[in-house]
Each structure stands twice: as C-alpha cells, then as structure tokens.
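Chemist: Here you go, entry.pdb (PDB, C-alpha atoms, pLDDT in the B column):
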ATOM      1  CA  MET A   1      27.386  65.028  57.442  1.00 96.00           C
ATOM      2  CA  ILE A   2      27.325  61.548  58.913  1.00 98.00           C
ATOM      3  CA  LEU A   3      26.009  58.540  56.976  1.00 98.00           C
ATOM      4  CA  PHE A   4      24.473  55.981  59.316  1.00 98.00           C
ATOM      5  CA  PRO A   5      24.262  52.425  57.928  1.00 98.00           C
ATOM      6  CA  ALA A   6      21.156  50.708  59.253  1.00 98.00           C
ATOM      7  CA  ILE A   7      20.882  47.316  60.896  1.00 98.00           C
ATOM      8  CA  ASP A   8      17.198  46.489  61.361  1.00 97.00           C
ATOM      9  CA  LEU A   9      16.611  43.397  63.466  1.00 98.00           C
ATOM     10  CA  LYS A  10      13.805  40.863  63.092  1.00 97.00           C
ATOM     11  CA  GLY A  11      14.111  37.380  64.513  1.00 97.00           C
ATOM     12  CA  GLY A  12      17.775  37.995  65.298  1.00 97.00           C
ATOM     13  CA  LYS A  13      18.638  38.720  61.656  1.00 97.00           C
ATOM     14  CA  CYS A  14      19.422  41.809  59.576  1.00 97.00           C
ATOM     15  CA  VAL A  15      16.385  42.606  57.462  1.00 96.00           C
ATOM     16  CA  ARG A  16      14.962  45.430  55.392  1.00 93.00           C
ATOM     17  CA  LEU A  17      11.276  46.256  55.230  1.00 91.00           C
ATOM     18  CA  LEU A  18       9.224  48.034  52.603  1.00 90.00           C
ATOM     19  CA  ARG A  19       7.351  51.023  54.033  1.00 90.00           C
ATOM     20  CA  GLY A  20       7.460  49.489  57.501  1.00 85.00           C
ATOM     21  CA  ASP A  21       5.526  46.340  56.570  1.00 87.00           C
ATOM     22  CA  MET A  22       6.843  43.481  58.716  1.00 89.00           C
ATOM     23  CA  ALA A  23       5.442  40.944  56.242  1.00 88.00           C
ATOM     24  CA  SER A  24       7.734  42.372  53.553  1.00 87.00           C
ATOM     25  CA  ALA A  25      10.963  41.647  55.433  1.00 92.00           C
ATOM     26  CA  THR A  26      13.943  40.634  53.301  1.00 94.00           C
ATOM     27  CA  VAL A  27      16.817  38.967  55.168  1.00 96.00           C
ATOM     28  CA  PHE A  28      20.242  40.289  54.138  1.00 96.00           C
ATOM     29  CA  ASN A  29      22.460  38.784  56.842  1.00 96.00           C
ATOM     30  CA  ASP A  30      21.859  36.115  59.472  1.00 97.00           C
ATOM     31  CA  ASP A  31      24.622  37.558  61.686  1.00 98.00           C
ATOM     32  CA  PRO A  32      24.118  41.199  62.795  1.00 98.00           C
ATOM     33  CA  GLY A  33      27.511  41.290  64.504  1.00 98.00           C
ATOM     34  CA  GLN A  34      29.224  40.274  61.285  1.00 98.00           C
ATOM     35  CA  GLN A  35      27.254  42.923  59.391  1.00 98.00           C
ATOM     36  CA  ALA A  36      28.377  45.528  61.894  1.00 98.00           C
ATOM     37  CA  GLN A  37      31.988  44.460  61.379  1.00 97.00           C
ATOM     38  CA  LEU A  38      31.544  44.856  57.636  1.00 97.00           C
ATOM     39  CA  PHE A  39      30.211  48.370  58.033  1.00 98.00           C
ATOM     40  CA  ALA A  40      33.168  49.228  60.268  1.00 98.00           C
ATOM     41  CA  ALA A  41      35.599  47.865  57.675  1.00 97.00           C
ATOM     42  CA  GLN A  42      33.928  49.971  54.985  1.00 97.00           C
ATOM     43  CA  GLY A  43      34.744  53.121  56.924  1.00 97.00           C
ATOM     44  CA  PHE A  44      31.484  54.088  58.586  1.00 98.00           C
ATOM     45  CA  SER A  45      31.758  56.014  61.858  1.00 98.00           C
ATOM     46  CA  TRP A  46      28.372  55.105  63.394  1.00 98.00           C
ATOM     47  CA  ILE A  47      25.822  52.295  63.213  1.00 98.00           C
ATOM     48  CA  HIS A  48      22.057  52.786  63.377  1.00 98.00           C
ATOM     49  CA  VAL A  49      20.259  49.793  64.922  1.00 98.00           C
ATOM     50  CA  VAL A  50      16.508  49.245  65.211  1.00 97.00           C
ATOM     51  CA  ASP A  51      14.892  46.343  67.052  1.00 97.00           C
ATOM     52  CA  LEU A  52      11.825  45.932  64.829  1.00 96.00           C
ATOM     53  CA  ASP A  53      10.316  43.211  66.978  1.00 96.00           C
ATOM     54  CA  GLY A  54      10.861  45.410  70.017  1.00 95.00           C
ATOM     55  CA  ALA A  55       9.087  48.343  68.376  1.00 92.00           C
ATOM     56  CA  PHE A  56       5.926  46.251  68.071  1.00 91.00           C
ATOM     57  CA  ALA A  57       6.315  44.490  71.429  1.00 93.00           C
ATOM     58  CA  GLY A  58       7.017  47.686  73.364  1.00 92.00           C
ATOM     59  CA  SER A  59      10.257  46.362  74.864  1.00 95.00           C
ATOM     60  CA  SER A  60      13.576  45.037  73.568  1.00 95.00           C
ATOM     61  CA  VAL A  61      13.390  41.623  71.882  1.00 97.00           C
ATOM     62  CA  ASN A  62      16.588  41.128  69.854  1.00 98.00           C
ATOM     63  CA  THR A  63      18.888  41.573  72.833  1.00 97.00           C
ATOM     64  CA  ASP A  64      21.501  38.996  71.803  1.00 97.00           C
ATOM     65  CA  ALA A  65      21.772  40.450  68.306  1.00 98.00           C
ATOM     66  CA  ILE A  66      22.210  43.959  69.700  1.00 98.00           C
ATOM     67  CA  ARG A  67      24.927  42.743  72.039  1.00 97.00           C
ATOM     68  CA  GLY A  68      26.653  41.170  69.047  1.00 97.00           C
ATOM     69  CA  VAL A  69      26.639  44.470  67.178  1.00 98.00           C
ATOM     70  CA  LEU A  70      28.030  46.279  70.219  1.00 97.00           C
ATOM     71  CA  SER A  71      30.811  43.766  70.786  1.00 96.00           C
ATOM     72  CA  MET A  72      31.898  43.223  67.184  1.00 95.00           C
ATOM     73  CA  SER A  73      31.705  46.592  65.445  1.00 92.00           C
ATOM     74  CA  GLY A  74      33.854  48.809  67.671  1.00 94.00           C
ATOM     75  CA  LEU A  75      31.759  51.748  66.442  1.00 97.00           C
ATOM     76  CA  PRO A  76      29.365  54.004  68.335  1.00 98.00           C
ATOM     77  CA  VAL A  77      25.800  52.702  68.082  1.00 98.00           C
ATOM     78  CA  GLN A  78      22.447  54.445  68.219  1.00 98.00           C
ATOM     79  CA  LEU A  79      19.634  52.043  69.113  1.00 98.00           C
ATOM     80  CA  GLY A  80      15.863  52.259  68.816  1.00 97.00           C
ATOM     81  CA  GLY A  81      12.865  49.975  68.954  1.00 96.00           C
ATOM     82  CA  GLY A  82      10.764  49.380  72.060  1.00 94.00           C
ATOM     83  CA  ILE A  83      12.737  51.661  74.389  1.00 96.00           C
ATOM     84  CA  ARG A  84       9.928  53.262  76.376  1.00 95.00           C
ATOM     85  CA  SER A  85      11.105  53.784  79.953  1.00 96.00           C
ATOM     86  CA  LEU A  86      13.931  55.421  81.868  1.00 97.00           C
ATOM     87  CA  ALA A  87      14.986  51.973  83.081  1.00 97.00           C
ATOM     88  CA  ALA A  88      15.315  50.743  79.485  1.00 97.00           C
ATOM     89  CA  ILE A  89      17.293  53.847  78.518  1.00 97.00           C
ATOM     90  CA  GLU A  90      19.675  53.363  81.450  1.00 97.00           C
ATOM     91  CA  HIS A  91      19.993  49.661  80.651  1.00 97.00           C
ATOM     92  CA  TRP A  92      21.165  50.176  77.092  1.00 98.00           C
ATOM     93  CA  LEU A  93      23.392  53.141  77.812  1.00 98.00           C
ATOM     94  CA  GLY A  94      24.983  51.068  80.547  1.00 97.00           C
ATOM     95  CA  LEU A  95      25.651  48.228  78.098  1.00 97.00           C
ATOM     96  CA  GLY A  96      27.560  50.494  75.745  1.00 97.00           C
ATOM     97  CA  VAL A  97      24.955  51.993  73.418  1.00 98.00           C
ATOM     98  CA  ASN A  98      26.004  55.570  72.700  1.00 98.00           C
ATOM     99  CA  ARG A  99      22.568  56.994  71.946  1.00 98.00           C
ATOM    100  CA  VAL A 100      19.060  55.619  72.424  1.00 98.00           C
ATOM    101  CA  ILE A 101      16.287  56.439  69.968  1.00 98.00           C
ATOM    102  CA  LEU A 102      12.844  57.169  71.406  1.00 97.00           C
ATOM    103  CA  GLY A 103       9.802  57.164  69.154  1.00 95.00           C
ATOM    104  CA  THR A 104       6.415  56.271  70.585  1.00 93.00           C
ATOM    105  CA  ILE A 105       6.929  57.950  73.953  1.00 95.00           C
ATOM    106  CA  ALA A 106       7.858  61.241  72.306  1.00 95.00           C
ATOM    107  CA  VAL A 107       4.115  61.443  71.563  1.00 95.00           C
ATOM    108  CA  THR A 108       2.588  59.490  74.445  1.00 95.00           C
ATOM    109  CA  GLU A 109       4.920  60.507  77.299  1.00 96.00           C
ATOM    110  CA  PRO A 110       6.727  63.734  76.359  1.00 95.00           C
ATOM    111  CA  ALA A 111       7.619  64.446  79.998  1.00 96.00           C
ATOM    112  CA  LEU A 112       9.636  61.232  80.063  1.00 96.00           C
ATOM    113  CA  VAL A 113      11.574  62.335  76.984  1.00 97.00           C
ATOM    114  CA  HIS A 114      12.369  65.667  78.628  1.00 97.00           C
ATOM    115  CA  GLU A 115      13.500  63.873  81.773  1.00 97.00           C
ATOM    116  CA  ALA A 116      15.698  61.513  79.749  1.00 97.00           C
ATOM    117  CA  GLY A 117      17.213  64.483  77.932  1.00 97.00           C
ATOM    118  CA  ARG A 118      18.006  66.102  81.264  1.00 97.00           C
ATOM    119  CA  LEU A 119      19.542  62.953  82.762  1.00 97.00           C
ATOM    120  CA  PHE A 120      21.476  61.917  79.665  1.00 97.00           C
ATOM    121  CA  PRO A 121      22.242  65.086  77.694  1.00 95.00           C
ATOM    122  CA  GLY A 122      23.114  64.441  74.070  1.00 95.00           C
ATOM    123  CA  ARG A 123      22.538  60.705  74.380  1.00 98.00           C
ATOM    124  CA  VAL A 124      18.836  60.681  73.586  1.00 98.00           C
ATOM    125  CA  VAL A 125      17.591  60.831  69.997  1.00 98.00           C
ATOM    126  CA  VAL A 126      13.959  61.059  68.926  1.00 98.00           C
ATOM    127  CA  GLY A 127      12.704  59.247  65.860  1.00 97.00           C
ATOM    128  CA  ILE A 128       9.917  61.132  64.114  1.00 97.00           C
ATOM    129  CA  ASP A 129       8.342  58.686  61.677  1.00 96.00           C
ATOM    130  CA  ALA A 130       5.570  60.102  59.520  1.00 96.00           C
ATOM    131  CA  ARG A 131       3.001  59.195  56.888  1.00 94.00           C
ATOM    132  CA  GLU A 132       1.831  62.163  54.822  1.00 93.00           C
ATOM    133  CA  GLY A 133       3.330  64.456  57.422  1.00 93.00           C
ATOM    134  CA  ARG A 134       1.630  62.884  60.470  1.00 96.00           C
ATOM    135  CA  VAL A 135       3.522  60.920  63.101  1.00 97.00           C
ATOM    136  CA  ALA A 136       3.114  57.150  63.398  1.00 95.00           C
ATOM    137  CA  ILE A 137       3.921  55.262  66.618  1.00 93.00           C
ATOM    138  CA  GLN A 138       4.082  51.707  68.010  1.00 89.00           C
ATOM    139  CA  GLY A 139       6.311  50.330  65.289  1.00 81.00           C
ATOM    140  CA  TRP A 140       4.516  52.486  62.702  1.00 84.00           C
ATOM    141  CA  GLY A 141       1.381  50.445  63.422  1.00 82.00           C
ATOM    142  CA  ALA A 142      -0.689  53.351  64.768  1.00 89.00           C
ATOM    143  CA  GLY A 143      -1.251  56.817  63.380  1.00 91.00           C
ATOM    144  CA  THR A 144      -1.657  60.094  65.265  1.00 94.00           C
ATOM    145  CA  ASP A 145      -2.938  63.597  64.529  1.00 95.00           C
ATOM    146  CA  VAL A 146       0.431  65.121  65.462  1.00 97.00           C
ATOM    147  CA  THR A 147       2.444  66.479  62.553  1.00 97.00           C
ATOM    148  CA  ALA A 148       6.152  65.847  62.253  1.00 97.00           C
ATOM    149  CA  VAL A 149       6.834  69.581  62.260  1.00 98.00           C
ATOM    150  CA  GLU A 150       4.762  70.147  65.409  1.00 98.00           C
ATOM    151  CA  LEU A 151       6.506  67.306  67.253  1.00 97.00           C
ATOM    152  CA  ALA A 152       9.883  68.750  66.283  1.00 97.00           C
ATOM    153  CA  ARG A 153       8.810  72.098  67.762  1.00 97.00           C
ATOM    154  CA  ARG A 154       7.710  70.423  70.995  1.00 96.00           C
ATOM    155  CA  LEU A 155      11.141  68.816  71.319  1.00 95.00           C
ATOM    156  CA  SER A 156      13.089  72.054  70.911  1.00 95.00           C
ATOM    157  CA  ASP A 157      13.926  72.312  74.617  1.00 95.00           C
ATOM    158  CA  ALA A 158      13.999  68.588  75.466  1.00 95.00           C
ATOM    159  CA  GLY A 159      17.790  68.312  75.640  1.00 95.00           C
ATOM    160  CA  ILE A 160      17.923  65.620  72.957  1.00 97.00           C
ATOM    161  CA  GLY A 161      20.942  65.113  70.725  1.00 97.00           C
ATOM    162  CA  ALA A 162      19.190  64.660  67.384  1.00 98.00           C
ATOM    163  CA  ILE A 163      15.943  64.019  65.530  1.00 98.00           C
ATOM    164  CA  ILE A 164      15.719  61.232  62.945  1.00 98.00           C
ATOM    165  CA  TYR A 165      12.992  62.112  60.464  1.00 98.00           C
ATOM    166  CA  THR A 166      11.670  59.169  58.424  1.00 97.00           C
ATOM    167  CA  ASP A 167       9.132  59.355  55.629  1.00 96.00           C
ATOM    168  CA  ILE A 168       7.499  55.936  55.999  1.00 95.00           C
ATOM    169  CA  ALA A 169       6.056  55.952  52.480  1.00 94.00           C
ATOM    170  CA  ARG A 170       9.582  56.135  51.073  1.00 95.00           C
ATOM    171  CA  ASP A 171      11.318  53.781  53.502  1.00 94.00           C
ATOM    172  CA  GLY A 172      12.861  50.833  51.689  1.00 91.00           C
ATOM    173  CA  THR A 173      11.755  52.069  48.264  1.00 93.00           C
ATOM    174  CA  GLY A 174      14.951  53.751  47.031  1.00 94.00           C
ATOM    175  CA  LEU A 175      12.811  56.589  45.656  1.00 95.00           C
ATOM    176  CA  GLY A 176      14.844  59.281  47.376  1.00 97.00           C
ATOM    177  CA  LEU A 177      14.535  61.223  50.609  1.00 98.00           C
ATOM    178  CA  ASN A 178      11.631  63.551  51.301  1.00 98.00           C
ATOM    179  CA  LEU A 179      13.827  66.630  51.163  1.00 98.00           C
ATOM    180  CA  HIS A 180      10.973  69.105  51.567  1.00 97.00           C
ATOM    181  CA  GLU A 181       9.648  67.617  54.817  1.00 97.00           C
ATOM    182  CA  THR A 182      13.159  67.030  56.129  1.00 98.00           C
ATOM    183  CA  ALA A 183      13.917  70.713  55.666  1.00 98.00           C
ATOM    184  CA  LEU A 184      10.649  71.734  57.369  1.00 98.00           C
ATOM    185  CA  VAL A 185      11.483  69.570  60.386  1.00 98.00           C
ATOM    186  CA  ALA A 186      15.011  71.024  60.478  1.00 98.00           C
ATOM    187  CA  GLU A 187      13.595  74.539  60.455  1.00 97.00           C
ATOM    188  CA  ALA A 188      11.120  73.789  63.253  1.00 97.00           C
ATOM    189  CA  SER A 189      13.720  72.992  65.912  1.00 95.00           C
ATOM    190  CA  PRO A 190      17.358  73.783  66.733  1.00 96.00           C
ATOM    191  CA  VAL A 191      17.988  70.064  67.252  1.00 97.00           C
ATOM    192  CA  PRO A 192      20.152  68.479  64.505  1.00 98.00           C
ATOM    193  CA  VAL A 193      18.093  66.428  62.045  1.00 98.00           C
ATOM    194  CA  ILE A 194      19.067  63.132  60.396  1.00 98.00           C
ATOM    195  CA  ALA A 195      17.157  62.255  57.218  1.00 98.00           C
ATOM    196  CA  SER A 196      15.832  58.736  56.696  1.00 98.00           C
ATOM    197  CA  GLY A 197      13.638  56.798  54.316  1.00 96.00           C
ATOM    198  CA  GLY A 198      14.230  56.369  50.611  1.00 96.00           C
ATOM    199  CA  VAL A 199      17.964  56.635  49.966  1.00 97.00           C
ATOM    200  CA  GLY A 200      18.589  54.667  46.792  1.00 96.00           C
ATOM    201  CA  SER A 201      21.550  56.276  45.073  1.00 96.00           C
ATOM    202  CA  LEU A 202      24.473  58.619  45.412  1.00 97.00           C
ATOM    203  CA  ALA A 203      22.328  61.315  43.816  1.00 97.00           C
ATOM    204  CA  ASP A 204      19.946  61.171  46.789  1.00 98.00           C
ATOM    205  CA  LEU A 205      22.760  61.950  49.213  1.00 98.00           C
ATOM    206  CA  GLU A 206      24.091  64.685  46.960  1.00 97.00           C
ATOM    207  CA  ALA A 207      20.612  66.236  46.847  1.00 98.00           C
ATOM    208  CA  LEU A 208      20.504  66.243  50.641  1.00 98.00           C
ATOM    209  CA  LYS A 209      23.903  67.921  50.770  1.00 97.00           C
ATOM    210  CA  ALA A 210      22.760  70.454  48.176  1.00 96.00           C
ATOM    211  CA  LEU A 211      20.090  71.720  50.574  1.00 96.00           C
ATOM    212  CA  ASN A 212      23.039  73.218  52.449  1.00 95.00           C
ATOM    213  CA  HIS A 213      20.893  73.347  55.585  1.00 96.00           C
ATOM    214  CA  PRO A 214      22.988  73.975  58.711  1.00 96.00           C
ATOM    215  CA  ASN A 215      20.651  71.905  60.874  1.00 97.00           C
ATOM    216  CA  ILE A 216      20.687  68.732  58.754  1.00 98.00           C
ATOM    217  CA  ALA A 217      23.373  66.487  60.217  1.00 98.00           C
ATOM    218  CA  GLY A 218      23.266  63.320  58.147  1.00 98.00           C
ATOM    219  CA  ALA A 219      21.235  60.448  56.728  1.00 98.00           C
ATOM    220  CA  VAL A 220      20.345  56.843  57.471  1.00 98.00           C
ATOM    221  CA  CYS A 221      20.731  54.335  54.659  1.00 97.00           C
ATOM    222  CA  GLY A 222      19.750  50.673  54.577  1.00 96.00           C
ATOM    223  CA  ARG A 223      18.582  48.656  51.581  1.00 96.00           C
ATOM    224  CA  ALA A 224      20.703  50.487  48.983  1.00 97.00           C
ATOM    225  CA  LEU A 225      23.856  49.538  50.892  1.00 97.00           C
ATOM    226  CA  TYR A 226      22.775  45.918  51.224  1.00 97.00           C
ATOM    227  CA  ASP A 227      21.754  45.345  47.619  1.00 95.00           C
ATOM    228  CA  GLY A 228      24.743  47.177  46.125  1.00 95.00           C
ATOM    229  CA  ARG A 229      22.952  50.132  44.544  1.00 95.00           C
ATOM    230  CA  LEU A 230      24.997  52.451  46.751  1.00 97.00           C
ATOM    231  CA  ASP A 231      28.761  52.058  47.029  1.00 97.00           C
ATOM    232  CA  ALA A 232      29.801  52.625  50.635  1.00 97.00           C
ATOM    233  CA  ARG A 233      33.061  54.440  49.897  1.00 97.00           C
ATOM    234  CA  ALA A 234      31.527  56.751  47.304  1.00 97.00           C
ATOM    235  CA  ALA A 235      28.631  57.516  49.648  1.00 98.00           C
ATOM    236  CA  LEU A 236      30.943  58.328  52.552  1.00 98.00           C
ATOM    237  CA  ALA A 237      33.073  60.533  50.339  1.00 97.00           C
ATOM    238  CA  ALA A 238      29.994  62.433  49.166  1.00 95.00           C
ATOM    239  CA  MET A 239      28.779  63.009  52.721  1.00 96.00           C
ATOM    240  CA  GLU A 240      32.191  64.094  53.983  1.00 91.00           C
ATOM    241  CA  ALA A 241      32.967  66.430  51.063  1.00 84.00           C
TER     242      ALA A 241
END
For the structure just supplied, provide its representation as structure tokens.

Modeler:
Amino acid sequence: MILFPAIDLKGGKCVRLLRGDMASATVFNDDPGQQAQLFAAQGFSWIHVVDLDGAFAGSSVNTDAIRGVLSMSGLPVQLGGGIRSLAAIEHWLGLGVNRVILGTIAVTEPALVHEAGRLFPGRVVVGIDAREGRVAIQGWGAGTDVTAVELARRLSDAGIGAIIYTDIARDGTGLGLNLHETALVAEASPVPVIASGGVGSLADLEALKALNHPNIAGAVCGRALYDGRLDARAALAAMEA
C-alpha cells in the first residue's frame, strides 16, 4: 500500500482543514515546495496535492505553489482542486503532474471523465468525497443525492487509475478512517481505492491493512503527519509491510 502525504493549498500555503471548513484552516508551512522536499526526504514515494481555493473557484488558483511542489520534490504528484475541463487536465499533465484528481465533474459531467480516462489512461483519479455516504461537490460546499457506492459503480468502466474515498466528517479529526464505507466503495468497482479522511495514528493505518482488501491501494494522510502524531518512517514501514 502507498501512503500519500497531503499538501492542501490555501493562499499559497500548506494548510489543514477540519471537516472541509475553509474557516478552520491551520497553516503548517508557508512554503509548499519546501514541505514537498521534506516529504521526499522522509521517504514518501508520492505527494497528494489539493488546491483548496481552486476547488471553490472551479479553476486552479494556487498555480505558483503547485509549480513549486513539482519542481522541488522530485516525486510523482497527484493534483486535485478545480480541475474541471479537458484543457485543464492536459495543462497539468503537460506541466509534470502525474495524475489529476477529478471530483465535481465526476457527478456533473461523467462523459467528460470517461473521455479523460480514454485519452489519459491511468492518469486520471476520481475523488469521491462523502457526508453520511452521499457525495459532496464544489469544494464540499454542495451536497448531492448520489451515494459514494453508486458513483464508484458508475466509474467502473471509465478508465481511471484510482478512486480516492474521503469521509468528510472525519477529515482532519484524527478519529480514524471510515473502514466500512471504504470497503463498500472498494467492492463496488474494480478501480483501486485510496482511503482518506481521519488518519490520526499508526493504529489507523494498521486497521486499514488488516482489512486485507485486494482493491484498497493506500491512504492519504495530512494533519497527523504535520502535528507529529504520526511518525513518517513508522507509517511507511507499516504500509509497506
């Protein structure tokens, strides 16, 4: 399993939110490129980047910060937040992003996601972000009637490389991953699933591993790495065991 350290961008800085609330942002590093370098030095193999401002605006906002991460980390990067057109997908892939994360348009424009999957096989990831099992879009600011499991089923033949399932109610809390819903999403589609939202300790990662689900490919972790609750080397060792 892969552990993806998260760099969430707001105002050009690395921040962490609580349950997706932009007003709750805590700044952990003023220099995203430097943070990316630190993650590389700690032994991570990927970096997960989200342009929070872009998710609300509907287009990329923290462009300079993203470029800094790309140039300074030397690691493959998956990027989400406001990427809602084929032109935007091509733009970021052309600049060196390894995988783009699509969220809102997976619900509002599914044909575009299928087309992106066909044009860029394996390089498109879909973020399924849910509250009480139902998908939220537009930077988590709007709810839908679509369930996370149903959206995963719809994406089964979209040619995407992965699904990132986030339980919004747990995001930034350190209360542990929603293992039950993660497993349901993983069972609904053959696409590899990455768990997100709530990692607070080594025990949370070990519990994910203990599911022993062949379709669960890793986890995203943010606040626990920044505030020291989770030791990077121990976490990587647990995921790689």

Chemist: Interatomic distance between atom CA of Leu177 of chain A and atom CA of Ser189 of chain A?

Modeler: 19.3 Å

Chemist: Around (6.1, 51.4, 71.4) in the file's frame, which residues reach within 12 Å when counting only C-alpha atoms? Return as a PyMOL selection string?

Modeler: chain A and resi 51-60+80-85+101-109+127+136-142

Chemist: Given the choices A:Leu93, A:Arg154, A:Gln37, A:Gly159, which gets closest to Gly74 of chain A if the distance is worked out from all atoms listed in the file?

Modeler: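 Of all the options, A:Gln37 lies closest to Gly74 of chain A.
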
Chemist: With the PyMOL selection byres ((chain A and resi 219) around 8) as the selection, what would be picked from this file? Answer as a CSV table (one decimal) with C-alpha atoms, in the frame of the given file, please.

Modeler:
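As written to disk, selection-v5.csv reads:
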chain,number,residue,atom,x,y,z
A,1,MET,CA,27.4,65.0,57.4
A,2,ILE,CA,27.3,61.5,58.9
A,3,LEU,CA,26.0,58.5,57.0
A,4,PHE,CA,24.5,56.0,59.3
A,194,ILE,CA,19.1,63.1,60.4
A,195,ALA,CA,17.2,62.3,57.2
A,196,SER,CA,15.8,58.7,56.7
A,205,LEU,CA,22.8,62.0,49.2
A,217,ALA,CA,23.4,66.5,60.2
A,218,GLY,CA,23.3,63.3,58.1
A,220,VAL,CA,20.3,56.8,57.5
A,221,CYS,CA,20.7,54.3,54.7

Chemist: Would you pick out the contacts of Met72 of chain A at 9 Å or less, using all atoms listed in the file, so that residues sharing its chain but fewer than 4 positions from it are not included, and give the list as a count of residues only?

Modeler: 6

Chemist: For this file, the PyMOL selection byres ((chain A and resi 18) around 9) selects which residues, as a ChimeraX atom specification?

Modeler: /A:16-17,19-26,168-173

Chemist: Residues at most 12 Å from Leu38 of chain A, counting all atoms listed in the file, excluding those fewer than 4 positions away in the same chain, as a PyMOL selection string?

Modeler: chain A and resi 5+7+29+31-34+42-45+47+69+72-75+225-226+232

Chemist: Of the candidates A:Ser156, A:Gln78, A:Asn178, A:Ser201, which shows the shortest atom-to-atom distance to Gly228 of chain A, using all atoms listed in the file?

Modeler: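 Residue with the minimum atom-to-atom distance to Gly228 of chain A: A:Ser201.
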
Chemist: Return the single residue from A:Gly96, A:Arg233, A:Arg223, A:Ala88 that is closest to Cys14 of chain A, with distances computed using only C-alpha atoms.

Modeler: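 Going through A:Gly96, A:Arg233, A:Arg223, A:Ala88 one by one, the smallest distance to Cys14 of chain A is for A:Arg223.
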
Chemist: Please compute the atom CA of Val125 of chain A-atom CA of Val199 of chain A distance, one decimal, in Å.

Modeler: 20.5 Å

Chemist: Which residue gives the smallest distance to Gly198 of chain A among A:Ile163, A:Leu175, A:Leu184, A:Ala41, with only C-alpha atoms counted?

Modeler: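 Counting only C-alpha atoms, the residue closest to Gly198 of chain A is A:Leu175.
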
Chemist: What does the structure give for the distance between atom CA of Ala111 of chain A and atom CA of Ala6 of chain A, in Å to one decimal?

Modeler: 28.3 Å

Chemist: Have a look at A:Met239, A:Ala40, A:Gly222, A:Glu115 and name the one nearest to Leu9 of chain A; count all atoms listed in the file.

Modeler: A:Gly222

Chemist: A:Ala87, A:Ala158, A:Ala238, A:Ala207: which is nearest Arg118 of chain A, counting all atoms listed in the file?

Modeler: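 Among A:Ala87, A:Ala158, A:Ala238, A:Ala207, it is A:Ala158 that comes nearest to Arg118 of chain A.
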